[in-house]
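Participant: Got a file for you: query.cif, mmCIF, C-alpha atoms and all ligand atoms.
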data_start
loop_
_atom_site.label_atom_id
_atom_site.label_comp_id
_atom_site.auth_asym_id
_atom_site.auth_seq_id
_atom_site.Cartn_x
_atom_site.Cartn_y
_atom_site.Cartn_z
CA MET A 282 -49.06 -80.68 -14.09
CA ARG A 283 -46.53 -83.47 -14.66
CA LYS A 284 -46.25 -82.36 -18.31
CA ILE A 285 -45.50 -78.79 -17.26
CA ILE A 286 -42.86 -79.96 -14.80
CA SER A 287 -41.14 -82.14 -17.40
CA LEU A 288 -41.31 -79.24 -19.89
CA VAL A 289 -39.63 -76.96 -17.33
CA ILE A 290 -36.98 -79.61 -16.67
CA ALA A 291 -36.45 -80.11 -20.41
CA ILE A 292 -36.06 -76.36 -20.97
CA SER A 293 -33.61 -75.97 -18.12
CA MET A 294 -31.61 -78.95 -19.37
CA LEU A 295 -31.51 -77.41 -22.84
CA SER A 296 -30.31 -74.12 -21.46
CA VAL A 297 -27.60 -75.90 -19.46
CA ILE A 298 -26.44 -77.63 -22.63
CA ALA A 299 -26.63 -74.37 -24.59
CA THR A 300 -24.60 -72.51 -21.95
CA GLY A 301 -22.04 -75.27 -21.92
CA CYS A 302 -21.71 -75.08 -25.70
CA MET A 303 -21.44 -71.31 -25.69
CA GLY A 304 -18.68 -71.49 -23.11
CA LYS A 305 -16.78 -73.91 -25.30
CA ASN A 306 -17.31 -71.84 -28.42
CA GLN A 307 -16.03 -68.74 -26.68
CA ASP A 308 -12.89 -70.51 -25.54
CA ASN A 309 -12.40 -72.36 -28.82
CA ASN A 310 -10.50 -74.88 -26.71
CA LEU A 311 -7.50 -72.59 -26.97
CA PRO A 312 -4.82 -72.66 -24.27
CA LYS A 313 -5.58 -70.28 -21.42
CA ILE A 314 -2.60 -68.04 -20.67
CA GLY A 315 -2.58 -65.89 -17.54
CA VAL A 316 -0.40 -62.79 -17.86
CA CYS A 317 0.58 -60.62 -14.88
CA LEU A 318 2.36 -57.36 -15.70
CA TYR A 319 4.03 -55.31 -12.99
CA LYS A 320 2.32 -52.20 -14.32
CA TYR A 321 0.70 -51.19 -17.59
CA ASP A 322 1.99 -47.65 -17.14
CA ASP A 323 5.56 -48.44 -18.26
CA THR A 324 6.70 -47.78 -21.80
CA TYR A 325 8.56 -51.04 -22.28
CA ILE A 326 5.91 -53.20 -20.57
CA SER A 327 3.17 -51.68 -22.68
CA THR A 328 5.14 -52.59 -25.82
CA VAL A 329 5.42 -56.18 -24.59
CA ARG A 330 1.71 -56.26 -23.74
CA GLN A 331 0.65 -55.12 -27.20
CA ALA A 332 3.01 -57.61 -28.84
CA LEU A 333 1.59 -60.43 -26.68
CA GLU A 334 -1.99 -59.53 -27.62
CA GLN A 335 -1.06 -59.56 -31.30
CA GLY A 336 1.10 -62.65 -31.14
CA PHE A 337 -1.30 -64.83 -29.16
CA LYS A 338 -4.26 -63.91 -31.39
CA ASN A 339 -6.03 -67.13 -32.49
CA LYS A 340 -3.42 -69.16 -30.60
CA ALA A 341 -4.53 -68.66 -26.99
CA THR A 342 -7.03 -66.94 -24.75
CA LEU A 343 -5.18 -64.26 -22.78
CA TYR A 344 -6.05 -63.18 -19.25
CA LEU A 345 -4.15 -59.91 -18.81
CA ASN A 346 -3.66 -58.30 -15.40
CA ASP A 347 -2.25 -54.92 -14.35
CA GLY A 348 -0.30 -55.27 -11.10
CA LYS A 349 -0.26 -51.46 -10.73
CA GLY A 350 3.15 -51.67 -9.11
CA ASP A 351 1.69 -53.45 -6.06
CA GLN A 352 2.77 -56.97 -5.09
CA GLY A 353 -0.35 -57.61 -2.97
CA THR A 354 -2.55 -56.86 -5.98
CA GLN A 355 -0.45 -59.15 -8.14
CA ASN A 356 -0.63 -62.00 -5.60
CA ASP A 357 -4.46 -61.79 -5.71
CA GLN A 358 -4.36 -61.79 -9.52
CA VAL A 359 -2.23 -64.94 -9.55
CA ASP A 360 -4.70 -66.64 -7.15
CA LEU A 361 -7.62 -65.74 -9.45
CA LEU A 362 -5.81 -67.01 -12.55
CA ILE A 363 -5.12 -70.30 -10.79
CA GLN A 364 -8.82 -70.55 -9.85
CA LYS A 365 -9.65 -69.99 -13.54
CA ASN A 366 -7.46 -72.99 -14.35
CA VAL A 367 -5.11 -71.22 -16.70
CA ASP A 368 -2.69 -73.54 -18.51
CA VAL A 369 0.41 -71.34 -18.24
CA LEU A 370 1.33 -68.30 -16.13
CA LEU A 371 3.50 -65.44 -17.45
CA VAL A 372 4.64 -63.23 -14.60
CA ASN A 373 6.40 -59.87 -14.77
CA ILE A 374 6.79 -59.68 -11.01
CA VAL A 375 6.41 -56.41 -9.09
CA ASP A 376 8.79 -57.28 -6.25
CA VAL A 377 11.38 -59.95 -7.03
CA GLY A 378 11.51 -60.69 -3.30
CA ALA A 379 7.98 -62.16 -3.57
CA ALA A 380 8.90 -64.61 -6.32
CA GLN A 381 9.04 -67.67 -4.04
CA THR A 382 5.43 -67.09 -2.93
CA ILE A 383 4.32 -66.95 -6.56
CA VAL A 384 6.35 -70.01 -7.55
CA ASP A 385 4.84 -71.97 -4.66
CA LYS A 386 1.31 -71.06 -5.78
CA ALA A 387 2.06 -72.26 -9.33
CA LYS A 388 3.77 -75.40 -8.06
CA ASN A 389 0.84 -76.35 -5.82
CA ALA A 390 -1.50 -75.99 -8.80
CA ASP A 391 0.95 -77.78 -11.15
CA ILE A 392 0.91 -74.86 -13.62
CA PRO A 393 4.05 -73.98 -15.62
CA ILE A 394 5.27 -70.45 -14.88
CA LEU A 395 7.47 -68.10 -16.90
CA PHE A 396 8.91 -65.06 -15.17
CA PHE A 397 10.06 -62.31 -17.48
CA ASN A 398 11.81 -58.91 -17.51
CA ARG A 399 12.22 -58.55 -13.72
CA GLU A 400 14.50 -61.31 -12.58
CA PRO A 401 13.92 -63.38 -9.43
CA ASP A 402 16.80 -65.15 -7.74
CA GLN A 403 18.01 -68.24 -9.61
CA SER A 404 17.34 -70.47 -6.60
CA VAL A 405 13.66 -69.47 -6.68
CA ILE A 406 13.28 -70.47 -10.33
CA LYS A 407 15.15 -73.70 -9.69
CA SER A 408 12.77 -74.63 -6.84
CA TYR A 409 10.16 -75.70 -9.42
CA ASP A 410 10.97 -77.76 -12.52
CA LYS A 411 8.20 -76.00 -14.45
CA ALA A 412 9.55 -72.48 -13.83
CA ARG A 413 11.80 -70.48 -16.18
CA PHE A 414 12.98 -66.89 -16.71
CA VAL A 415 13.08 -64.84 -19.91
CA GLY A 416 14.93 -61.54 -19.74
CA THR A 417 17.87 -59.50 -20.86
CA ASN A 418 21.48 -59.71 -19.80
CA ALA A 419 22.52 -56.71 -17.70
CA LYS A 420 25.99 -56.70 -19.25
CA ASP A 421 24.62 -56.35 -22.81
CA ALA A 422 23.27 -52.82 -22.39
CA GLY A 423 26.71 -51.66 -21.24
CA VAL A 424 28.46 -53.43 -24.09
CA ILE A 425 26.18 -51.77 -26.64
CA GLN A 426 26.82 -48.37 -25.02
CA GLY A 427 30.53 -49.15 -25.38
CA GLU A 428 30.04 -49.86 -29.09
CA ILE A 429 28.20 -46.55 -29.56
CA ILE A 430 30.99 -44.76 -27.66
CA THR A 431 33.61 -46.42 -29.88
CA LYS A 432 31.86 -45.45 -33.09
CA THR A 433 31.33 -41.86 -31.94
CA TRP A 434 34.85 -41.42 -30.57
CA SER A 435 36.50 -42.79 -33.72
CA SER A 436 35.72 -39.56 -35.63
CA GLY A 437 38.47 -37.88 -33.54
CA GLU A 438 36.54 -34.61 -33.25
CA TYR A 439 35.54 -35.08 -29.59
CA ASP A 440 39.09 -35.35 -28.22
CA THR A 441 38.98 -31.66 -27.38
CA ASN A 442 42.38 -31.50 -25.65
CA LYS A 443 43.95 -33.80 -28.28
CA ASP A 444 45.69 -36.00 -25.69
CA GLY A 445 44.40 -39.25 -27.22
CA VAL A 446 42.41 -40.03 -24.07
CA MET A 447 38.62 -39.90 -23.65
CA GLN A 448 37.85 -37.87 -20.52
CA TYR A 449 34.33 -38.84 -19.42
CA VAL A 450 31.80 -38.48 -16.63
CA MET A 451 29.49 -41.32 -15.55
CA LEU A 452 25.90 -40.97 -14.30
CA LYS A 453 25.15 -44.07 -12.27
CA GLY A 454 21.63 -45.34 -11.43
CA GLU A 455 22.06 -46.82 -7.96
CA PRO A 456 25.15 -47.93 -6.02
CA ASP A 457 24.47 -51.70 -5.94
CA ASN A 458 21.73 -52.26 -8.52
CA PRO A 459 22.99 -55.04 -10.84
CA GLU A 460 21.91 -53.17 -14.00
CA ALA A 461 23.64 -49.97 -12.86
CA VAL A 462 26.83 -51.79 -11.92
CA ALA A 463 26.99 -53.78 -15.18
CA ARG A 464 26.23 -50.76 -17.39
CA SER A 465 28.86 -48.59 -15.68
CA GLU A 466 31.48 -51.30 -15.95
CA TRP A 467 30.82 -52.68 -19.45
CA SER A 468 30.28 -49.40 -21.31
CA ILE A 469 33.84 -48.30 -20.45
CA LYS A 470 35.39 -51.77 -20.57
CA THR A 471 34.04 -52.29 -24.10
CA ALA A 472 35.36 -48.92 -25.28
CA GLU A 473 38.76 -49.81 -23.81
CA GLU A 474 38.72 -53.25 -25.42
CA ASN A 475 38.11 -51.43 -28.69
CA GLY A 476 41.35 -49.49 -28.17
CA ILE A 477 40.10 -46.26 -26.56
CA LYS A 478 42.12 -44.87 -23.66
CA THR A 479 39.79 -43.47 -21.00
CA GLU A 480 39.96 -41.27 -17.94
CA GLU A 481 37.07 -40.93 -15.50
CA LEU A 482 36.69 -37.30 -14.37
CA GLY A 483 33.67 -38.05 -12.19
CA ILE A 484 31.09 -40.69 -11.29
CA GLN A 485 27.88 -39.78 -9.49
CA VAL A 486 24.97 -41.92 -8.25
CA CYS A 487 21.79 -40.13 -9.36
CA ASN A 488 19.14 -42.80 -8.66
CA TRP A 489 18.02 -42.92 -12.31
CA ASP A 490 16.62 -39.41 -11.79
CA THR A 491 16.61 -36.51 -14.28
CA GLU A 492 16.84 -33.65 -11.75
CA THR A 493 19.63 -35.23 -9.73
CA ALA A 494 21.62 -35.88 -12.91
CA ASN A 495 20.99 -32.32 -14.02
CA ARG A 496 22.60 -30.96 -10.83
CA ALA A 497 25.52 -33.40 -11.10
CA MET A 498 26.20 -32.30 -14.68
CA GLU A 499 26.01 -28.62 -13.69
CA ALA A 500 28.62 -29.22 -11.00
CA TRP A 501 30.89 -31.10 -13.40
CA LEU A 502 30.59 -28.39 -16.05
CA SER A 503 31.61 -25.69 -13.62
CA LYS A 504 34.49 -27.81 -12.34
CA PHE A 505 35.79 -29.29 -15.63
CA GLY A 506 34.13 -27.36 -18.47
CA ASP A 507 35.63 -28.32 -21.84
CA LYS A 508 37.71 -31.08 -20.25
CA ILE A 509 34.61 -33.30 -20.36
CA GLU A 510 34.62 -35.18 -23.67
CA PHE A 511 31.89 -37.77 -23.14
CA VAL A 512 28.85 -38.29 -20.89
CA VAL A 513 27.91 -41.90 -20.16
CA SER A 514 24.58 -42.45 -18.39
CA ASN A 515 23.02 -45.66 -17.02
CA ASN A 516 19.63 -44.55 -18.35
CA ASP A 517 17.95 -41.96 -20.56
CA SER A 518 16.22 -40.06 -17.75
CA MET A 519 19.59 -39.09 -16.31
CA ALA A 520 21.02 -38.44 -19.81
CA GLN A 521 18.11 -36.06 -20.34
CA GLY A 522 19.02 -34.15 -17.16
CA ALA A 523 22.64 -33.94 -18.27
CA ILE A 524 21.64 -32.58 -21.69
CA ALA A 525 19.48 -29.89 -20.06
CA ALA A 526 22.55 -28.80 -18.04
CA LEU A 527 24.75 -28.87 -21.16
CA GLN A 528 22.27 -26.75 -23.07
CA ALA A 529 22.06 -24.26 -20.21
CA SER A 530 25.83 -23.82 -20.74
CA ASN A 531 25.38 -23.52 -24.50
CA TYR A 532 26.50 -27.02 -25.39
CA ASN A 533 24.53 -29.56 -27.46
CA LYS A 534 22.15 -27.06 -29.05
CA GLY A 535 22.78 -28.22 -32.58
CA GLY A 536 24.26 -26.18 -35.44
CA ASP A 537 27.63 -24.63 -34.55
CA SER A 538 27.30 -25.04 -30.77
CA LYS A 539 29.94 -27.03 -28.88
CA HIS A 540 28.94 -30.65 -28.44
CA ILE A 541 29.71 -33.33 -25.87
CA PRO A 542 28.35 -36.75 -26.84
CA VAL A 543 25.80 -38.27 -24.40
CA VAL A 544 24.76 -41.92 -24.41
CA GLY A 545 21.94 -43.49 -22.35
CA VAL A 546 19.81 -46.63 -22.07
CA ASP A 547 16.04 -47.30 -22.59
CA ALA A 548 15.27 -45.42 -25.82
CA THR A 549 12.55 -43.43 -24.05
CA ASP A 550 10.41 -41.08 -26.14
CA ALA A 551 12.27 -38.09 -24.69
CA ALA A 552 15.63 -39.62 -25.65
CA LYS A 553 14.42 -40.50 -29.15
CA ASP A 554 13.39 -36.88 -29.58
CA LEU A 555 16.79 -35.60 -28.34
CA ILE A 556 18.59 -38.06 -30.65
CA ALA A 557 16.46 -37.01 -33.63
CA LYS A 558 17.41 -33.37 -32.97
CA GLY A 559 21.11 -34.24 -32.74
CA TYR A 560 21.38 -33.21 -29.05
CA MET A 561 22.02 -36.76 -27.85
CA THR A 562 24.17 -39.47 -29.44
CA GLY A 563 22.45 -42.78 -28.79
CA SER A 564 20.60 -45.12 -26.47
CA VAL A 565 19.97 -48.82 -25.97
CA LEU A 566 16.62 -50.44 -26.60
CA GLN A 567 15.01 -53.41 -24.88
CA ASP A 568 13.30 -55.21 -27.72
CA GLY A 569 9.70 -55.75 -26.55
CA GLN A 570 8.69 -57.56 -29.72
CA ALA A 571 11.56 -60.04 -29.38
CA MET A 572 10.62 -60.59 -25.72
CA SER A 573 7.01 -61.28 -26.69
CA ASN A 574 8.03 -63.71 -29.47
CA ALA A 575 10.10 -65.70 -26.99
CA LEU A 576 7.33 -65.77 -24.37
CA ILE A 577 4.79 -67.01 -26.91
CA ALA A 578 6.98 -69.82 -28.28
CA ILE A 579 8.03 -70.96 -24.80
CA ALA A 580 4.52 -70.71 -23.28
CA LEU A 581 2.98 -72.77 -26.10
CA ASN A 582 5.64 -75.44 -25.59
CA ALA A 583 4.79 -75.49 -21.89
CA TYR A 584 1.08 -75.85 -22.74
CA ASN A 585 1.89 -78.79 -25.03
CA LYS A 586 3.92 -80.36 -22.21
CA LYS A 587 7.13 -80.11 -24.22
CA GLU A 588 10.47 -78.90 -22.90
CA PHE A 589 10.20 -75.10 -22.77
CA ILE A 590 12.68 -74.30 -25.55
CA GLU A 591 12.23 -77.44 -27.69
CA ASN A 592 12.20 -76.61 -31.43
CA THR A 593 12.65 -72.89 -30.83
CA GLU A 594 15.48 -70.51 -31.69
CA TYR A 595 16.13 -69.98 -27.97
CA GLU A 596 18.69 -71.50 -25.66
CA TYR A 597 19.45 -71.33 -21.96
CA ASP A 598 22.35 -69.35 -20.58
CA ALA A 599 24.80 -70.88 -18.10
CA THR A 600 22.10 -71.08 -15.39
CA GLY A 601 20.15 -73.62 -17.44
CA ILE A 602 16.86 -71.91 -16.55
CA ALA A 603 17.09 -68.48 -18.19
CA VAL A 604 16.69 -67.33 -21.80
CA ARG A 605 18.30 -63.98 -22.69
CA ILE A 606 16.88 -61.57 -25.24
CA PRO A 607 19.51 -59.23 -26.72
CA TYR A 608 19.35 -55.45 -26.40
CA LYS A 609 19.60 -53.32 -29.55
CA PRO A 610 21.42 -50.02 -30.16
CA TYR A 611 19.23 -46.98 -30.80
CA GLU A 612 20.88 -44.19 -32.77
CA GLY A 613 17.89 -42.60 -34.42
CA THR A 614 18.07 -44.45 -37.71
CA GLU A 615 15.65 -47.17 -36.56
CA LYS A 616 11.93 -46.98 -37.12
CA CA B 1 41.03 -36.06 -24.36
#
Once you've parsed the file, please lay out its structure as structure tokens.

Facilitator:
Amino acid sequence: MRKIISLVIAISMLSVIATGCMGKNQDNNLPKIGVCLYKYDDTYISTVRQALEQGFKNKATLYLNDGKGDQGTQNDQVDLLIQKNVDVLLVNIVDVGAAQTIVDKAKNADIPILFFNREPDQSVIKSYDKARFVGTNAKDAGVIQGEIITKTWSSGEYDTNKDGVMQYVMLKGEPDNPEAVARSEWSIKTAEENGIKTEELGIQVCNWDTETANRAMEAWLSKFGDKIEFVVSNNDSMAQGAIAALQASNYNKGGDSKHIPVVGVDATDAAKDLIAKGYMTGSVLQDGQAMSNALIAIALNAYNKKEFIENTEYEYDATGIAVRIPYKPYEGTEK
């Protein structure tokens, strides 16, 4: 009887050891990185996600989470990642207003946290010395639009009334959204800095929406017709709506049809298609691969308890807590 009992004990001890070993083998002692994405169903975010999976391969064990556009869901995911003892948290927050809650969770668990893409208030990031932000600079997208406008306008062929002034209409995302404000301002400011005289025929808030922009463009076409020489849009969805209205009035159909240049932001699949067909002039791309490269380098530094940007190509902007990834122009010649 005693022999049987000791055999049972021996076997269970062996299995405990075996399980322990297996756990270690599976983890390979790699850093554990918890990643919370605001939603998988977003073109740009899905690019970043794929790049992270590739880039962290053999360097870290990733715990990926789909926030499904719901902050409550994301809060639960952060709690679970903390319970799993992840070494670093990467958070693409659903609602920037909830950032302090998330920072406090990370701070209580002493886990470094990198927010990316959707930008919490500076004061929230600064409330924890192991918190940083990686994102774009709102102004950049506008500046790149301005460069595309400059290049397009310089051919001279779009100054329909030959007055040396670019008459344009502006499709604005939201009234006070920082991206919308910066894009509206810097697209035109950059063109002007490059020597183009401009005149705004109309500006309309269309809430980033294709249909709303379509109606705005229809109204402008009936009011101004050929006086419109350029369409500047805060995003591609609205640009797409404007192009549909232009085409309904026999503009921008390729070949010999009249053409009014349209520039957007996002490089969506629909925009890429319109650009490839020559119906749209250009867009601005958020570089998901570059974002992922930065997150990987900075997260691994955090894991190794180094300063976040030590020995990387990255530097902080004036805030001292944010790294900015540049936008890129998209004019259809890129792969
Ligand atoms: Ca003109």

Participant: Between atom CA of A:Cys487 and atom CA of A:Asp347, what distance in Å does the model show, to one decimal?

Facilitator: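 According to the coordinates, atom CA of A:Cys487 and atom CA of A:Asp347 are separated by 28.7 Å.
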
Participant: Please determine, counting all atoms listed in the file, which residue among A:Tyr439, A:Ile314, A:Met572, A:Gly613 has the shortest atom-to-atom distance to A:Ala557.

Facilitator: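 The answer is A:Gly613, which sits nearest to A:Ala557.
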
Participant: Which residues, written as number ranges by chain, have at least one atom at most 6 Å from stretch 371-379 of chain A, with all atoms listed in the file counted and residues fewer than 2 positions away on the same chain left out?

Facilitator: A: 316-319, 350, 352, 381-382, 394-397, 401

Participant: Find the residue from A:Asn310, A:Leu527, A:Val367, A:Ile541 that sits nearest to ligand CA 1 (chain B); use only C-alpha atoms and all ligand atoms when measuring.

Facilitator: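 Closest to ligand CA 1 (chain B), using only C-alpha atoms and all ligand atoms: A:Ile541.
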
Participant: Enumerate residues in contact with ligand CA 1 (chain B): an atom-to-atom distance of at most 8 Å, counting all atoms listed in the file. Format the result as a compact mmCIF listing (two decimals) with C-alpha atoms, keeping the file's coordinate frame.

Facilitator:
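Final output, out-v5.txt:
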# COMPACT_ATOMS: atom_id res chain seq x y z
CA TYR A 439 35.54 -35.08 -29.59
CA ASP A 440 39.09 -35.35 -28.22
CA THR A 441 38.98 -31.66 -27.38
CA ASN A 442 42.38 -31.50 -25.65
CA LYS A 443 43.95 -33.80 -28.28
CA ASP A 444 45.69 -36.00 -25.69
CA GLY A 445 44.40 -39.25 -27.22
CA VAL A 446 42.41 -40.03 -24.07
CA MET A 447 38.62 -39.90 -23.65
CA GLN A 448 37.85 -37.87 -20.52
CA LYS A 508 37.71 -31.08 -20.25
CA GLU A 510 34.62 -35.18 -23.67

Participant: Looking at A:Gln521, A:Ser468, A:Ser573, A:Asp537, which one is nearest to A:Ile556, with distances taken over only C-alpha atoms?

Facilitator: A:Gln521

Participant: From the set A:Gly353, A:Gly427, A:Gly535, A:Gly416, which residue has the shortest atom-to-atom contact distance to A:Lys558, counting all atoms listed in the file?

Facilitator: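 Closest to A:Lys558, using all atoms listed in the file: A:Gly535.
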
Participant: Figure out the distance between atom CA of A:Glu400 and atom CA of A:Pro312, please, to one decimal in Å.

Facilitator: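 These atoms are spaced 25.3 Å apart.
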
Participant: When distances are computed from only C-alpha atoms, which of A:Trp434, A:Trp489, A:Tyr344, A:Tyr584 shows the smallest separation from A:Gly315?

Facilitator: A:Tyr344

Participant: So how far away is atom CA of A:Asn356 from atom CA of A:Lys320, in Å?

Facilitator: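 Computing the Euclidean distance for atom CA of A:Lys320 and atom CA of A:Asn356 yields 13.4 Å.
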
Participant: Please complete stretch 516-525 of chain A with all heavy atoms and give it back as a PDB file, in the frame of the given file.

Facilitator:
ATOM      1  N   ASN A 516      20.948 -44.551 -17.698  1.00  0.00           N
ATOM      2  CA  ASN A 516      19.630 -44.550 -18.350  1.00  0.00           C
ATOM      3  C   ASN A 516      19.365 -43.211 -19.031  1.00  0.00           C
ATOM      4  O   ASN A 516      20.148 -42.258 -18.898  1.00  0.00           O
ATOM      5  CB  ASN A 516      18.505 -44.913 -17.362  1.00  0.00           C
ATOM      6  CG  ASN A 516      18.113 -43.765 -16.443  1.00  0.00           C
ATOM      7  OD1 ASN A 516      18.826 -42.786 -16.320  1.00  0.00           O
ATOM      8  ND2 ASN A 516      16.963 -43.900 -15.803  1.00  0.00           N
ATOM      9  N   ASP A 517      18.266 -43.159 -19.778  1.00  0.00           N
ATOM     10  CA  ASP A 517      17.950 -41.960 -20.560  1.00  0.00           C
ATOM     11  C   ASP A 517      17.440 -40.818 -19.688  1.00  0.00           C
ATOM     12  O   ASP A 517      17.654 -39.647 -20.023  1.00  0.00           O
ATOM     13  CB  ASP A 517      16.903 -42.283 -21.623  1.00  0.00           C
ATOM     14  CG  ASP A 517      17.496 -43.067 -22.781  1.00  0.00           C
ATOM     15  OD1 ASP A 517      18.730 -43.061 -22.928  1.00  0.00           O
ATOM     16  OD2 ASP A 517      16.715 -43.678 -23.537  1.00  0.00           O
ATOM     17  N   SER A 518      16.739 -41.136 -18.601  1.00  0.00           N
ATOM     18  CA  SER A 518      16.220 -40.060 -17.750  1.00  0.00           C
ATOM     19  C   SER A 518      17.357 -39.204 -17.224  1.00  0.00           C
ATOM     20  O   SER A 518      17.266 -37.970 -17.207  1.00  0.00           O
ATOM     21  CB  SER A 518      15.428 -40.641 -16.573  1.00  0.00           C
ATOM     22  OG  SER A 518      14.314 -41.345 -17.052  1.00  0.00           O
ATOM     23  N   MET A 519      18.440 -39.848 -16.802  1.00  0.00           N
ATOM     24  CA  MET A 519      19.590 -39.090 -16.310  1.00  0.00           C
ATOM     25  C   MET A 519      20.305 -38.385 -17.469  1.00  0.00           C
ATOM     26  O   MET A 519      20.764 -37.247 -17.326  1.00  0.00           O
ATOM     27  CB  MET A 519      20.557 -40.012 -15.555  1.00  0.00           C
ATOM     28  CG  MET A 519      19.956 -40.592 -14.282  1.00  0.00           C
ATOM     29  SD  MET A 519      21.166 -41.472 -13.252  1.00  0.00           S
ATOM     30  CE  MET A 519      21.590 -42.879 -14.298  1.00  0.00           C
ATOM     31  N   ALA A 520      20.399 -39.048 -18.626  1.00  0.00           N
ATOM     32  CA  ALA A 520      21.020 -38.440 -19.810  1.00  0.00           C
ATOM     33  C   ALA A 520      20.285 -37.143 -20.168  1.00  0.00           C
ATOM     34  O   ALA A 520      20.904 -36.121 -20.488  1.00  0.00           O
ATOM     35  CB  ALA A 520      20.993 -39.413 -20.975  1.00  0.00           C
ATOM     36  N   GLN A 521      18.964 -37.212 -20.049  1.00  0.00           N
ATOM     37  CA  GLN A 521      18.110 -36.060 -20.340  1.00  0.00           C
ATOM     38  C   GLN A 521      18.448 -34.885 -19.406  1.00  0.00           C
ATOM     39  O   GLN A 521      18.549 -33.741 -19.851  1.00  0.00           O
ATOM     40  CB  GLN A 521      16.666 -36.522 -20.107  1.00  0.00           C
ATOM     41  CG  GLN A 521      15.585 -35.692 -20.724  1.00  0.00           C
ATOM     42  CD  GLN A 521      14.218 -36.251 -20.311  1.00  0.00           C
ATOM     43  OE1 GLN A 521      14.058 -37.457 -20.073  1.00  0.00           O
ATOM     44  NE2 GLN A 521      13.239 -35.380 -20.211  1.00  0.00           N
ATOM     45  N   GLY A 522      18.635 -35.183 -18.133  1.00  0.00           N
ATOM     46  CA  GLY A 522      19.020 -34.150 -17.160  1.00  0.00           C
ATOM     47  C   GLY A 522      20.375 -33.550 -17.490  1.00  0.00           C
ATOM     48  O   GLY A 522      20.582 -32.328 -17.391  1.00  0.00           O
ATOM     49  N   ALA A 523      21.299 -34.409 -17.910  1.00  0.00           N
ATOM     50  CA  ALA A 523      22.640 -33.940 -18.270  1.00  0.00           C
ATOM     51  C   ALA A 523      22.567 -33.026 -19.493  1.00  0.00           C
ATOM     52  O   ALA A 523      23.234 -31.978 -19.544  1.00  0.00           O
ATOM     53  CB  ALA A 523      23.553 -35.130 -18.547  1.00  0.00           C
ATOM     54  N   ILE A 524      21.753 -33.393 -20.461  1.00  0.00           N
ATOM     55  CA  ILE A 524      21.640 -32.580 -21.690  1.00  0.00           C
ATOM     56  C   ILE A 524      21.035 -31.214 -21.369  1.00  0.00           C
ATOM     57  O   ILE A 524      21.478 -30.186 -21.891  1.00  0.00           O
ATOM     58  CB  ILE A 524      20.842 -33.340 -22.770  1.00  0.00           C
ATOM     59  CG1 ILE A 524      21.695 -34.507 -23.287  1.00  0.00           C
ATOM     60  CG2 ILE A 524      20.460 -32.409 -23.922  1.00  0.00           C
ATOM     61  CD1 ILE A 524      20.963 -35.496 -24.150  1.00  0.00           C
ATOM     62  N   ALA A 525      20.068 -31.176 -20.463  1.00  0.00           N
ATOM     63  CA  ALA A 525      19.480 -29.890 -20.060  1.00  0.00           C
ATOM     64  C   ALA A 525      20.575 -28.992 -19.459  1.00  0.00           C
ATOM     65  O   ALA A 525      20.631 -27.790 -19.747  1.00  0.00           O
ATOM     66  CB  ALA A 525      18.345 -30.109 -19.068  1.00  0.00           C
TER      67      ALA A 525
END
